[in-house]
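Here is model-v1.cif, consisting of mmCIF, C-alpha atoms; chains and numbers go by the auth columns:
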```
data_input
loop_
_atom_site.group_PDB
_atom_site.id
_atom_site.type_symbol
_atom_site.label_atom_id
_atom_site.label_comp_id
_atom_site.label_asym_id
_atom_site.label_seq_id
_atom_site.Cartn_x
_atom_site.Cartn_y
_atom_site.Cartn_z
_atom_site.B_iso_or_equiv
_atom_site.auth_seq_id
_atom_site.auth_asym_id
ATOM 1 C CA MET A 1 3.951 163.083 69.404 0.00 21 A
ATOM 2 C CA SER A 2 4.304 165.532 72.275 0.00 22 A
ATOM 3 C CA GLN A 3 3.129 164.672 75.763 0.00 23 A
ATOM 4 C CA SER A 4 -0.564 165.081 76.473 0.00 24 A
ATOM 5 C CA PRO A 5 -1.242 168.293 78.421 0.00 25 A
ATOM 6 C CA THR A 6 -2.131 167.983 82.088 0.00 26 A
ATOM 7 C CA LEU A 7 -4.874 169.906 83.870 0.00 27 A
ATOM 8 C CA VAL A 8 -5.117 171.427 87.314 0.00 28 A
ATOM 9 C CA SER A 9 -7.155 168.910 89.296 0.00 29 A
ATOM 10 C CA GLY A 10 -7.490 167.363 92.721 0.00 30 A
ATOM 11 C CA LEU A 11 -7.921 170.675 94.551 0.00 31 A
ATOM 12 C CA GLU A 12 -10.097 170.565 97.641 0.00 32 A
ATOM 13 C CA PRO A 13 -12.896 173.213 97.688 0.00 33 A
ATOM 14 C CA PRO A 14 -13.156 175.893 98.727 0.00 34 A
ATOM 15 C CA TYR A 15 -10.446 177.576 96.657 0.00 35 A
ATOM 16 C CA TYR A 16 -10.404 180.659 94.465 0.00 36 A
ATOM 17 C CA THR A 17 -10.071 181.239 90.739 0.00 37 A
ATOM 18 C CA ALA A 18 -9.174 184.315 88.758 0.00 38 A
ATOM 19 C CA VAL A 19 -10.625 183.897 85.259 0.00 39 A
ATOM 20 C CA PHE A 20 -8.899 186.244 82.841 0.00 40 A
ATOM 21 C CA THR A 21 -10.390 186.545 79.334 0.00 41 A
ATOM 22 C CA SER A 22 -8.694 188.758 76.768 0.00 42 A
ATOM 23 C CA VAL A 23 -8.439 189.961 73.194 0.00 43 A
ATOM 24 C CA ARG A 24 -4.995 190.862 71.893 0.00 44 A
ATOM 25 C CA PRO A 25 -2.901 190.507 68.723 0.00 45 A
ATOM 26 C CA ASP A 26 -1.373 187.086 68.126 0.00 46 A
ATOM 27 C CA HIS A 27 2.265 187.885 68.926 0.00 47 A
ATOM 28 C CA PRO A 28 2.629 191.240 70.679 0.00 48 A
ATOM 29 C CA GLU A 29 6.163 192.518 71.203 0.00 49 A
ATOM 30 C CA GLY A 30 7.690 191.619 74.536 0.00 50 A
ATOM 31 C CA TYR A 31 4.754 189.475 75.583 0.00 51 A
ATOM 32 C CA GLY A 32 6.580 186.132 75.767 0.00 52 A
ATOM 33 C CA GLU A 33 9.369 187.468 77.969 0.00 53 A
ATOM 34 C CA THR A 34 6.932 189.093 80.396 0.00 54 A
ATOM 35 C CA LEU A 35 4.802 185.957 80.557 0.00 55 A
ATOM 36 C CA GLU A 36 7.891 183.910 81.397 0.00 56 A
ATOM 37 C CA ARG A 37 8.879 186.302 84.173 0.00 57 A
ATOM 38 C CA MET A 38 5.374 186.341 85.635 0.00 58 A
ATOM 39 C CA HIS A 39 5.146 182.558 85.373 0.00 59 A
ATOM 40 C CA ALA A 40 8.317 182.228 87.470 0.00 60 A
ATOM 41 C CA ARG A 41 7.241 184.917 89.910 0.00 61 A
ATOM 42 C CA VAL A 42 3.765 183.629 90.727 0.00 62 A
ATOM 43 C CA GLN A 43 5.228 180.275 91.867 0.00 63 A
ATOM 44 C CA ASP A 44 6.573 182.066 94.940 0.00 64 A
ATOM 45 C CA VAL A 45 3.179 183.357 96.046 0.00 65 A
ATOM 46 C CA PRO A 46 2.070 181.300 99.080 0.00 66 A
ATOM 47 C CA GLY A 47 -1.293 179.722 98.282 0.00 67 A
ATOM 48 C CA PHE A 48 -0.821 179.768 94.495 0.00 68 A
ATOM 49 C CA LEU A 49 -2.096 176.395 93.252 0.00 69 A
ATOM 50 C CA GLY A 50 -1.493 176.509 89.501 0.00 70 A
ATOM 51 C CA TYR A 51 -2.915 177.961 86.303 0.00 71 A
ATOM 52 C CA GLU A 52 -4.066 177.000 82.833 0.00 72 A
ATOM 53 C CA SER A 53 -4.134 178.981 79.647 0.00 73 A
ATOM 54 C CA ALA A 54 -5.727 178.531 76.231 0.00 74 A
ATOM 55 C CA ARG A 55 -5.927 180.776 73.227 0.00 75 A
ATOM 56 C CA THR A 56 -7.755 180.357 69.937 0.00 76 A
ATOM 57 C CA PRO A 57 -5.616 181.841 67.138 0.00 77 A
ATOM 58 C CA GLY A 58 -7.411 184.980 65.997 0.00 78 A
ATOM 59 C CA GLY A 59 -9.902 184.552 68.841 0.00 79 A
ATOM 60 C CA ILE A 60 -9.898 185.065 72.555 0.00 80 A
ATOM 61 C CA GLY A 61 -7.557 183.893 75.291 0.00 81 A
ATOM 62 C CA ILE A 62 -8.626 182.488 78.650 0.00 82 A
ATOM 63 C CA THR A 63 -6.329 182.014 81.628 0.00 83 A
ATOM 64 C CA VAL A 64 -7.518 180.507 84.903 0.00 84 A
ATOM 65 C CA ALA A 65 -5.320 180.895 87.993 0.00 85 A
ATOM 66 C CA TYR A 66 -6.059 178.905 91.146 0.00 86 A
ATOM 67 C CA PHE A 67 -5.432 180.122 94.709 0.00 87 A
ATOM 68 C CA ARG A 68 -5.956 178.648 98.158 0.00 88 A
ATOM 69 C CA ASP A 69 -7.754 181.710 99.467 0.00 89 A
ATOM 70 C CA LEU A 70 -8.571 185.320 98.716 0.00 90 A
ATOM 71 C CA GLU A 71 -5.494 186.520 100.587 0.00 91 A
ATOM 72 C CA SER A 72 -3.119 184.669 98.258 0.00 92 A
ATOM 73 C CA LEU A 73 -5.078 185.818 95.204 0.00 93 A
ATOM 74 C CA HIS A 74 -4.853 189.420 96.383 0.00 94 A
ATOM 75 C CA ALA A 75 -1.151 189.050 97.171 0.00 95 A
ATOM 76 C CA TRP A 76 -0.575 188.198 93.513 0.00 96 A
ATOM 77 C CA ARG A 77 -2.944 190.911 92.291 0.00 97 A
ATOM 78 C CA ASP A 78 -1.016 193.499 94.314 0.00 98 A
ATOM 79 C CA ASP A 79 2.502 192.242 93.535 0.00 99 A
ATOM 80 C CA ALA A 80 4.478 195.248 92.285 0.00 100 A
ATOM 81 C CA GLU A 81 6.053 193.564 89.226 0.00 101 A
ATOM 82 C CA HIS A 82 2.744 191.991 88.308 0.00 102 A
ATOM 83 C CA ARG A 83 1.041 195.369 88.559 0.00 103 A
ATOM 84 C CA ALA A 84 3.659 196.925 86.297 0.00 104 A
ATOM 85 C CA ALA A 85 3.204 194.097 83.754 0.00 105 A
ATOM 86 C CA LYS A 86 -0.584 194.564 83.808 0.00 106 A
ATOM 87 C CA GLN A 87 -0.202 198.294 83.318 0.00 107 A
ATOM 88 C CA TYR A 88 2.104 197.701 80.342 0.00 108 A
ATOM 89 C CA GLY A 89 -0.291 195.117 78.940 0.00 109 A
ATOM 90 C CA ARG A 90 -3.247 197.496 79.161 0.00 110 A
ATOM 91 C CA GLU A 91 -1.311 200.123 77.238 0.00 111 A
ATOM 92 C CA HIS A 92 0.383 197.932 74.636 0.00 112 A
ATOM 93 C CA TRP A 93 -1.145 194.476 74.251 0.00 113 A
ATOM 94 C CA TYR A 94 -4.762 194.074 75.258 0.00 114 A
ATOM 95 C CA GLU A 95 -7.582 195.458 73.216 0.00 115 A
ATOM 96 C CA ARG A 96 -9.890 194.392 76.054 0.00 116 A
ATOM 97 C CA TYR A 97 -10.019 191.985 78.942 0.00 117 A
ATOM 98 C CA SER A 98 -12.251 190.864 81.797 0.00 118 A
ATOM 99 C CA VAL A 99 -11.407 189.365 85.177 0.00 119 A
ATOM 100 C CA HIS A 100 -13.837 187.281 87.234 0.00 120 A
ATOM 101 C CA ILE A 101 -12.820 186.428 90.814 0.00 121 A
ATOM 102 C CA GLY A 102 -14.691 183.399 92.103 0.00 122 A
ATOM 103 C CA ARG A 103 -14.878 181.136 95.091 0.00 123 A
ATOM 104 C CA VAL A 104 -14.995 177.511 93.922 0.00 124 A
ATOM 105 C CA GLU A 105 -17.509 175.476 95.879 0.00 125 A
ATOM 106 C CA ASP A 106 -17.565 172.318 93.824 0.00 126 A
ATOM 107 C CA SER A 107 -15.283 170.637 91.302 0.00 127 A
ATOM 108 C CA TYR A 108 -14.739 167.307 89.603 0.00 128 A
ATOM 109 C CA HIS A 109 -12.325 165.647 87.254 0.00 129 A
ATOM 110 C CA HIS A 110 -12.689 162.974 84.602 0.00 130 A
ATOM 111 C CA GLU A 111 -9.894 160.869 83.178 0.00 131 A
ATOM 112 C CA ARG A 112 -10.452 158.183 80.576 0.00 132 A
ATOM 113 C CA MET B 1 -9.937 191.421 58.755 0.00 6 B
ATOM 114 C CA SER B 2 -12.641 189.725 60.813 0.00 7 B
ATOM 115 C CA GLN B 3 -14.459 191.525 63.614 0.00 8 B
ATOM 116 C CA SER B 4 -12.684 191.708 66.938 0.00 9 B
ATOM 117 C CA PRO B 5 -14.084 189.123 69.378 0.00 10 B
ATOM 118 C CA THR B 6 -16.268 190.345 72.213 0.00 11 B
ATOM 119 C CA LEU B 7 -16.081 189.182 75.822 0.00 12 B
ATOM 120 C CA VAL B 8 -18.725 188.522 78.441 0.00 13 B
ATOM 121 C CA SER B 9 -18.664 191.643 80.624 0.00 14 B
ATOM 122 C CA GLY B 10 -20.900 193.956 82.592 0.00 15 B
ATOM 123 C CA LEU B 11 -22.339 191.214 84.803 0.00 16 B
ATOM 124 C CA GLU B 12 -23.278 192.255 88.319 0.00 17 B
ATOM 125 C CA PRO B 13 -21.819 190.011 91.084 0.00 18 B
ATOM 126 C CA PRO B 14 -22.725 187.695 92.528 0.00 19 B
ATOM 127 C CA TYR B 15 -23.064 185.296 89.602 0.00 20 B
ATOM 128 C CA TYR B 16 -21.754 181.797 88.934 0.00 21 B
ATOM 129 C CA THR B 17 -19.199 180.349 86.547 0.00 22 B
ATOM 130 C CA ALA B 18 -18.605 176.827 85.349 0.00 23 B
ATOM 131 C CA VAL B 19 -14.974 176.586 84.241 0.00 24 B
ATOM 132 C CA PHE B 20 -14.497 173.577 81.992 0.00 25 B
ATOM 133 C CA THR B 21 -10.907 172.640 81.076 0.00 26 B
ATOM 134 C CA SER B 22 -10.283 169.735 78.719 0.00 27 B
ATOM 135 C CA VAL B 23 -7.865 167.725 76.641 0.00 28 B
ATOM 136 C CA ARG B 24 -9.165 166.179 73.431 0.00 29 B
ATOM 137 C CA PRO B 25 -8.060 165.573 69.835 0.00 30 B
ATOM 138 C CA ASP B 26 -8.223 168.586 67.514 0.00 31 B
ATOM 139 C CA HIS B 27 -11.245 167.592 65.420 0.00 32 B
ATOM 140 C CA PRO B 28 -13.187 164.716 66.987 0.00 33 B
ATOM 141 C CA GLU B 29 -15.974 163.225 64.909 0.00 34 B
ATOM 142 C CA GLY B 30 -19.387 164.690 65.555 0.00 35 B
ATOM 143 C CA TYR B 31 -18.070 167.311 67.930 0.00 36 B
ATOM 144 C CA GLY B 32 -19.027 170.388 65.884 0.00 37 B
ATOM 145 C CA GLU B 33 -22.638 169.309 65.421 0.00 38 B
ATOM 146 C CA THR B 34 -23.089 168.551 69.113 0.00 39 B
ATOM 147 C CA LEU B 35 -21.505 171.861 70.108 0.00 40 B
ATOM 148 C CA GLU B 36 -23.894 173.687 67.805 0.00 41 B
ATOM 149 C CA ARG B 37 -26.906 171.905 69.295 0.00 42 B
ATOM 150 C CA MET B 38 -25.777 172.584 72.853 0.00 43 B
ATOM 151 C CA HIS B 39 -25.025 176.213 71.997 0.00 44 B
ATOM 152 C CA ALA B 40 -28.605 176.665 70.780 0.00 45 B
ATOM 153 C CA ARG B 41 -30.068 174.747 73.691 0.00 46 B
ATOM 154 C CA VAL B 42 -28.326 176.557 76.550 0.00 47 B
ATOM 155 C CA GLN B 43 -29.763 179.897 75.363 0.00 48 B
ATOM 156 C CA ASP B 44 -33.154 178.731 76.603 0.00 49 B
ATOM 157 C CA VAL B 45 -31.954 178.096 80.158 0.00 50 B
ATOM 158 C CA PRO B 46 -33.325 180.901 82.376 0.00 51 B
ATOM 159 C CA GLY B 47 -30.397 182.613 84.093 0.00 52 B
ATOM 160 C CA PHE B 48 -27.827 181.624 81.453 0.00 53 B
ATOM 161 C CA LEU B 49 -25.705 184.754 80.894 0.00 54 B
ATOM 162 C CA GLY B 50 -23.259 183.723 78.180 0.00 55 B
ATOM 163 C CA TYR B 51 -20.069 181.744 77.652 0.00 56 B
ATOM 164 C CA GLU B 52 -16.587 182.002 76.191 0.00 57 B
ATOM 165 C CA SER B 53 -14.342 179.353 74.758 0.00 58 B
ATOM 166 C CA ALA B 54 -10.674 179.185 73.799 0.00 59 B
ATOM 167 C CA ARG B 55 -8.500 176.345 72.650 0.00 60 B
ATOM 168 C CA THR B 56 -4.795 176.195 71.934 0.00 61 B
ATOM 169 C CA PRO B 57 -4.194 173.886 68.945 0.00 62 B
ATOM 170 C CA GLY B 58 -2.523 170.790 70.339 0.00 63 B
ATOM 171 C CA GLY B 59 -3.016 172.120 73.851 0.00 64 B
ATOM 172 C CA ILE B 60 -5.909 172.478 76.243 0.00 65 B
ATOM 173 C CA GLY B 61 -9.363 173.978 75.847 0.00 66 B
ATOM 174 C CA ILE B 62 -11.069 176.229 78.377 0.00 67 B
ATOM 175 C CA THR B 63 -14.760 177.118 78.335 0.00 68 B
ATOM 176 C CA VAL B 64 -16.323 179.456 80.883 0.00 69 B
ATOM 177 C CA ALA B 65 -20.124 179.549 81.179 0.00 70 B
ATOM 178 C CA TYR B 66 -21.835 182.264 83.202 0.00 71 B
ATOM 179 C CA PHE B 67 -25.065 181.841 85.160 0.00 72 B
ATOM 180 C CA ARG B 68 -27.180 184.124 87.319 0.00 73 B
ATOM 181 C CA ASP B 69 -27.376 181.657 90.188 0.00 74 B
ATOM 182 C CA LEU B 70 -26.669 178.084 91.174 0.00 75 B
ATOM 183 C CA GLU B 71 -30.208 177.025 90.242 0.00 76 B
ATOM 184 C CA SER B 72 -29.747 178.010 86.592 0.00 77 B
ATOM 185 C CA LEU B 73 -26.299 176.403 86.498 0.00 78 B
ATOM 186 C CA HIS B 74 -27.736 173.171 87.869 0.00 79 B
ATOM 187 C CA ALA B 75 -30.667 173.310 85.436 0.00 80 B
ATOM 188 C CA TRP B 76 -28.145 173.236 82.586 0.00 81 B
ATOM 189 C CA ARG B 77 -26.006 170.583 84.273 0.00 82 B
ATOM 190 C CA ASP B 78 -29.062 168.340 84.639 0.00 83 B
ATOM 191 C CA ASP B 79 -30.575 168.993 81.191 0.00 84 B
ATOM 192 C CA ALA B 80 -31.230 165.587 79.601 0.00 85 B
ATOM 193 C CA GLU B 81 -29.731 166.334 76.163 0.00 86 B
ATOM 194 C CA HIS B 82 -26.739 168.008 77.773 0.00 87 B
ATOM 195 C CA ARG B 83 -26.216 164.986 79.990 0.00 88 B
ATOM 196 C CA ALA B 84 -26.326 162.676 76.981 0.00 89 B
ATOM 197 C CA ALA B 85 -23.804 164.863 75.139 0.00 90 B
ATOM 198 C CA LYS B 86 -21.470 164.843 78.156 0.00 91 B
ATOM 199 C CA GLN B 87 -21.736 161.080 78.423 0.00 92 B
ATOM 200 C CA TYR B 88 -20.886 160.725 74.730 0.00 93 B
ATOM 201 C CA GLY B 89 -18.007 163.175 75.110 0.00 94 B
ATOM 202 C CA ARG B 90 -16.551 161.241 78.028 0.00 95 B
ATOM 203 C CA GLU B 91 -16.605 158.044 76.007 0.00 96 B
ATOM 204 C CA HIS B 92 -15.469 159.401 72.625 0.00 97 B
ATOM 205 C CA TRP B 93 -13.836 162.818 72.760 0.00 98 B
ATOM 206 C CA TYR B 94 -12.226 163.815 76.034 0.00 99 B
ATOM 207 C CA GLU B 95 -9.009 162.322 77.257 0.00 100 B
ATOM 208 C CA ARG B 96 -9.576 164.256 80.496 0.00 101 B
ATOM 209 C CA TYR B 97 -11.430 167.260 81.799 0.00 102 B
ATOM 210 C CA SER B 98 -12.045 169.229 84.966 0.00 103 B
ATOM 211 C CA VAL B 99 -15.003 171.355 86.036 0.00 104 B
ATOM 212 C CA HIS B 100 -14.783 174.103 88.653 0.00 105 B
ATOM 213 C CA ILE B 101 -18.053 175.646 89.868 0.00 106 B
ATOM 214 C CA GLY B 102 -17.507 179.072 91.388 0.00 107 B
ATOM 215 C CA ARG B 103 -19.422 181.984 92.832 0.00 108 B
ATOM 216 C CA VAL B 104 -18.063 185.219 91.367 0.00 109 B
ATOM 217 C CA GLU B 105 -17.716 187.902 93.999 0.00 110 B
ATOM 218 C CA ASP B 106 -15.783 190.509 92.068 0.00 111 B
ATOM 219 C CA SER B 107 -15.150 191.300 88.420 0.00 112 B
ATOM 220 C CA TYR B 108 -13.846 194.065 86.212 0.00 113 B
ATOM 221 C CA HIS B 109 -13.407 194.872 82.564 0.00 114 B
ATOM 222 C CA HIS B 110 -10.889 196.908 80.631 0.00 115 B
ATOM 223 C CA GLU B 111 -11.365 198.296 77.140 0.00 116 B
ATOM 224 C CA ARG B 112 -8.757 200.371 75.359 0.00 117 B
#
```
Could you render the structure from this file as structure tokens?
Amino acid sequence: MSQSPTLVSGLEPPYYTAVFTSVRPDHPEGYGETLERMHARVQDVPGFLGYESARTPGGIGITVAYFRDLESLHAWRDDAEHRAAKQYGREHWYERYSVHIGRVEDSYHHER
Amino acid sequence: MSQSPTLVSGLEPPYYTAVFTSVRPDHPEGYGETLERMHARVQDVPGFLGYESARTPGGIGITVAYFRDLESLHAWRDDAEHRAAKQYGREHWYERYSVHIGRVEDSYHHER
């Protein structure tokens, strides 16, 4: 059996989340490579705290990215390679998506 | 082919999100029935604006619930049947979960 997935936890509010919900085909061309590049790239953004992603096959995908403050979130939003990837995604992969930028004021974690 | 999934969109900030991330077995006993009951019940909470859910098989699940204000979010958090379901879930279903309560200050939607 594979290792049990971990979750982002233990962050001290306030922090920021970008909730990205999307509808796209199951395996769009070039998607995996771009995701891998973006995954590596976002690690270098000061104030990036982690992210989680889930996707129901044939359903929607939700990604939540965590940032220390709005400045770090905006730094990632405005990153040139990230912008290019988003532009490509809008044209080739995503049927639709929404982004919700929030300030987290409260959080808790449960572990059995 | 089934209908393309819709997303929660068009909400006017500020509003609130509860981001619920979890790790649990794929098909825990009694889960579907409880989910259905909670789904019906939350519709009656004034200020509830919708929710989305995604789950990677064998991976994590993410649910995002949207509320008009913190009062409506807390009304749902404190609902007696919801509390009982959460208690049961902690004991029987979830290996771990996190909740992040955020105030959404900015959002946008893209549709091809």
In the coordinate frame of the file, compute which residues have an atom within 9 Å of (-19.6, 183.3, 94.0) when using only C-alpha atoms, and state them as a compact mmCIF listing (two decimals) with C-alpha atoms, in the coordinates of the input.
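Result saved to out-v3.txt:
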```
# COMPACT_ATOMS: atom_id res chain seq x y z
CA ILE A 121 -12.82 186.43 90.81
CA GLY A 122 -14.69 183.40 92.10
CA ARG A 123 -14.88 181.14 95.09
CA VAL A 124 -15.00 177.51 93.92
CA GLU A 125 -17.51 175.48 95.88
CA PRO B 18 -21.82 190.01 91.08
CA PRO B 19 -22.72 187.70 92.53
CA TYR B 20 -23.06 185.30 89.60
CA TYR B 21 -21.75 181.80 88.93
CA THR B 22 -19.20 180.35 86.55
CA ASP B 74 -27.38 181.66 90.19
CA ILE B 106 -18.05 175.65 89.87
CA GLY B 107 -17.51 179.07 91.39
CA ARG B 108 -19.42 181.98 92.83
CA VAL B 109 -18.06 185.22 91.37
CA GLU B 110 -17.72 187.90 94.00
CA ASP B 111 -15.78 190.51 92.07
```
Within 10 Å of file point (-10.6, 170.1, 85.3), counting only C-alpha atoms, expressed as a PDB file with C-alpha atoms, in the coordinates of the input:
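The resulting file, result_29.pdb, is reproduced below:
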```
ATOM      1  CA  THR A  26      -2.131 167.983  82.088  1.00  0.00           C
ATOM      2  CA  LEU A  27      -4.874 169.906  83.870  1.00  0.00           C
ATOM      3  CA  VAL A  28      -5.117 171.427  87.314  1.00  0.00           C
ATOM      4  CA  SER A  29      -7.155 168.910  89.296  1.00  0.00           C
ATOM      5  CA  GLY A  30      -7.490 167.363  92.721  1.00  0.00           C
ATOM      6  CA  LEU A  31      -7.921 170.675  94.551  1.00  0.00           C
ATOM      7  CA  GLU A  72      -4.066 177.000  82.833  1.00  0.00           C
ATOM      8  CA  SER A 127     -15.283 170.637  91.302  1.00  0.00           C
ATOM      9  CA  TYR A 128     -14.739 167.307  89.603  1.00  0.00           C
ATOM     10  CA  HIS A 129     -12.325 165.647  87.254  1.00  0.00           C
ATOM     11  CA  HIS A 130     -12.689 162.974  84.602  1.00  0.00           C
ATOM     12  CA  GLU A 131      -9.894 160.869  83.178  1.00  0.00           C
TER      13      GLU A 131
ATOM     14  CA  VAL B  24     -14.974 176.586  84.241  1.00  0.00           C
ATOM     15  CA  PHE B  25     -14.497 173.577  81.992  1.00  0.00           C
ATOM     16  CA  THR B  26     -10.907 172.640  81.076  1.00  0.00           C
ATOM     17  CA  SER B  27     -10.283 169.735  78.719  1.00  0.00           C
ATOM     18  CA  VAL B  28      -7.865 167.725  76.641  1.00  0.00           C
ATOM     19  CA  ILE B  67     -11.069 176.229  78.377  1.00  0.00           C
ATOM     20  CA  ARG B 101      -9.576 164.256  80.496  1.00  0.00           C
ATOM     21  CA  TYR B 102     -11.430 167.260  81.799  1.00  0.00           C
ATOM     22  CA  SER B 103     -12.045 169.229  84.966  1.00  0.00           C
ATOM     23  CA  VAL B 104     -15.003 171.355  86.036  1.00  0.00           C
ATOM     24  CA  HIS B 105     -14.783 174.103  88.653  1.00  0.00           C
TER      25      HIS B 105
END
```
Rotated and translated chain A onto chain B by C-alpha atoms, as a compact mmCIF listing (two decimals) with C-alpha atoms, in the frame of the given file:
```
# COMPACT_ATOMS: atom_id res chain seq x y z
CA MET A 21 -9.99 191.51 58.76
CA SER A 22 -12.66 189.77 60.79
CA GLN A 23 -14.47 191.52 63.61
CA SER A 24 -12.69 191.69 66.94
CA PRO A 25 -14.09 189.10 69.38
CA THR A 26 -16.27 190.34 72.21
CA LEU A 27 -16.08 189.18 75.82
CA VAL A 28 -18.71 188.53 78.44
CA SER A 29 -18.64 191.64 80.62
CA GLY A 30 -20.86 193.95 82.60
CA LEU A 31 -22.34 191.22 84.80
CA GLU A 32 -23.28 192.27 88.31
CA PRO A 33 -21.81 190.02 91.07
CA PRO A 34 -22.73 187.69 92.51
CA TYR A 35 -23.07 185.30 89.58
CA TYR A 36 -21.77 181.81 88.92
CA THR A 37 -19.21 180.36 86.54
CA ALA A 38 -18.61 176.83 85.36
CA VAL A 39 -14.98 176.59 84.24
CA PHE A 40 -14.50 173.58 81.99
CA THR A 41 -10.91 172.64 81.07
CA SER A 42 -10.28 169.73 78.72
CA VAL A 43 -7.86 167.72 76.63
CA ARG A 44 -9.17 166.18 73.43
CA PRO A 45 -8.07 165.57 69.83
CA ASP A 46 -8.22 168.58 67.52
CA HIS A 47 -11.24 167.59 65.42
CA PRO A 48 -13.17 164.71 66.98
CA GLU A 49 -15.97 163.21 64.90
CA GLY A 50 -19.39 164.68 65.56
CA TYR A 51 -18.07 167.31 67.94
CA GLY A 52 -19.02 170.39 65.90
CA GLU A 53 -22.62 169.30 65.42
CA THR A 54 -23.08 168.55 69.12
CA LEU A 55 -21.50 171.85 70.12
CA GLU A 56 -23.90 173.69 67.81
CA ARG A 57 -26.90 171.91 69.29
CA MET A 58 -25.77 172.58 72.86
CA HIS A 59 -25.01 176.21 72.01
CA ALA A 60 -28.60 176.66 70.79
CA ARG A 61 -30.06 174.74 73.71
CA VAL A 62 -28.32 176.55 76.55
CA GLN A 63 -29.76 179.90 75.37
CA ASP A 64 -33.15 178.72 76.62
CA VAL A 65 -31.96 178.09 80.17
CA PRO A 66 -33.33 180.90 82.38
CA GLY A 67 -30.40 182.60 84.10
CA PHE A 68 -27.83 181.64 81.45
CA LEU A 69 -25.70 184.76 80.89
CA GLY A 70 -23.25 183.72 78.18
CA TYR A 71 -20.06 181.74 77.65
CA GLU A 72 -16.58 182.00 76.20
CA SER A 73 -14.33 179.36 74.77
CA ALA A 74 -10.66 179.18 73.80
CA ARG A 75 -8.49 176.34 72.64
CA THR A 76 -4.78 176.19 71.94
CA PRO A 77 -4.18 173.88 68.95
CA GLY A 78 -2.50 170.78 70.34
CA GLY A 79 -3.03 172.11 73.86
CA ILE A 80 -5.91 172.47 76.23
CA GLY A 81 -9.36 173.98 75.85
CA ILE A 82 -11.08 176.22 78.38
CA THR A 83 -14.76 177.11 78.33
CA VAL A 84 -16.33 179.45 80.88
CA ALA A 85 -20.13 179.55 81.18
CA TYR A 86 -21.83 182.27 83.20
CA PHE A 87 -25.08 181.85 85.17
CA ARG A 88 -27.20 184.12 87.32
CA ASP A 89 -27.38 181.65 90.19
CA LEU A 90 -26.68 178.07 91.18
CA GLU A 91 -30.20 177.01 90.25
CA SER A 92 -29.75 178.01 86.60
CA LEU A 93 -26.30 176.41 86.50
CA HIS A 94 -27.73 173.17 87.87
CA ALA A 95 -30.66 173.31 85.45
CA TRP A 96 -28.16 173.23 82.59
CA ARG A 97 -26.00 170.59 84.27
CA ASP A 98 -29.06 168.34 84.63
CA ASP A 99 -30.58 169.00 81.19
CA ALA A 100 -31.22 165.59 79.62
CA GLU A 101 -29.72 166.35 76.17
CA HIS A 102 -26.73 168.01 77.77
CA ARG A 103 -26.20 164.99 79.99
CA ALA A 104 -26.33 162.68 76.99
CA ALA A 105 -23.80 164.88 75.14
CA LYS A 106 -21.46 164.85 78.16
CA GLN A 107 -21.74 161.09 78.43
CA TYR A 108 -20.89 160.73 74.73
CA GLY A 109 -18.01 163.17 75.11
CA ARG A 110 -16.54 161.24 78.03
CA GLU A 111 -16.60 158.05 75.99
CA HIS A 112 -15.47 159.39 72.62
CA TRP A 113 -13.83 162.81 72.76
CA TYR A 114 -12.23 163.82 76.03
CA GLU A 115 -9.02 162.31 77.25
CA ARG A 116 -9.59 164.25 80.49
CA TYR A 117 -11.44 167.25 81.79
CA SER A 118 -12.06 169.23 84.97
CA VAL A 119 -15.01 171.36 86.03
CA HIS A 120 -14.79 174.11 88.66
CA ILE A 121 -18.07 175.65 89.86
CA GLY A 122 -17.52 179.08 91.37
CA ARG A 123 -19.43 181.97 92.81
CA VAL A 124 -18.07 185.22 91.36
CA GLU A 125 -17.73 187.91 94.00
CA ASP A 126 -15.79 190.50 92.07
CA SER A 127 -15.15 191.30 88.42
CA TYR A 128 -13.84 194.08 86.21
CA HIS A 129 -13.42 194.88 82.57
CA HIS A 130 -10.88 196.90 80.62
CA GLU A 131 -11.36 198.31 77.15
CA ARG A 132 -8.73 200.37 75.38
```
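In this model, the gap between atom CA of Leu55 of chain A and atom CA of Ala100 of chain A comes to 15.0 Å.
Going from atom CA of Trp98 of chain B over to atom CA of Ala38 of chain A, you cover 27.2 Å.
You can rank A:His59, A:Pro25, A:Phe87, A:Trp96 by their closest distance to Pro30 of chain B using only C-alpha atoms, and at the top of that list sits A:Pro25.
Closest approach to Gly66 of chain B among B:Glu17, B:Gln48, B:Asp31, B:His97: B:Asp31, based on only C-alpha atoms.
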Pull out every residue that the PyMOL selection byres ((chain B and resi 61) around 6) matches in the shown coordinates and put them as a list in words.
Ala74, Arg75 and Thr76 of chain A; Arg60, Pro62, Gly64 and Ile65 of chain B
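Using the PyMOL selection byres ((chain B and resi 77) around 10) on this structure selects Tyr21, Val50, Pro51, Gly52, Phe53, Leu54, Tyr71, Phe72, Arg73, Asp74, Leu75, Glu76, Leu78, His79, Ala80, Trp81, Arg82 and Asp83 of chain B.
Separating atom CA of His102 of chain A from atom CA of Met58 of chain A is a distance of 6.8 Å.
Closest to chain B among A:Val62, A:Ser73, A:Gly52, A:Lys106 is A:Ser73, based on all atoms listed in the file.
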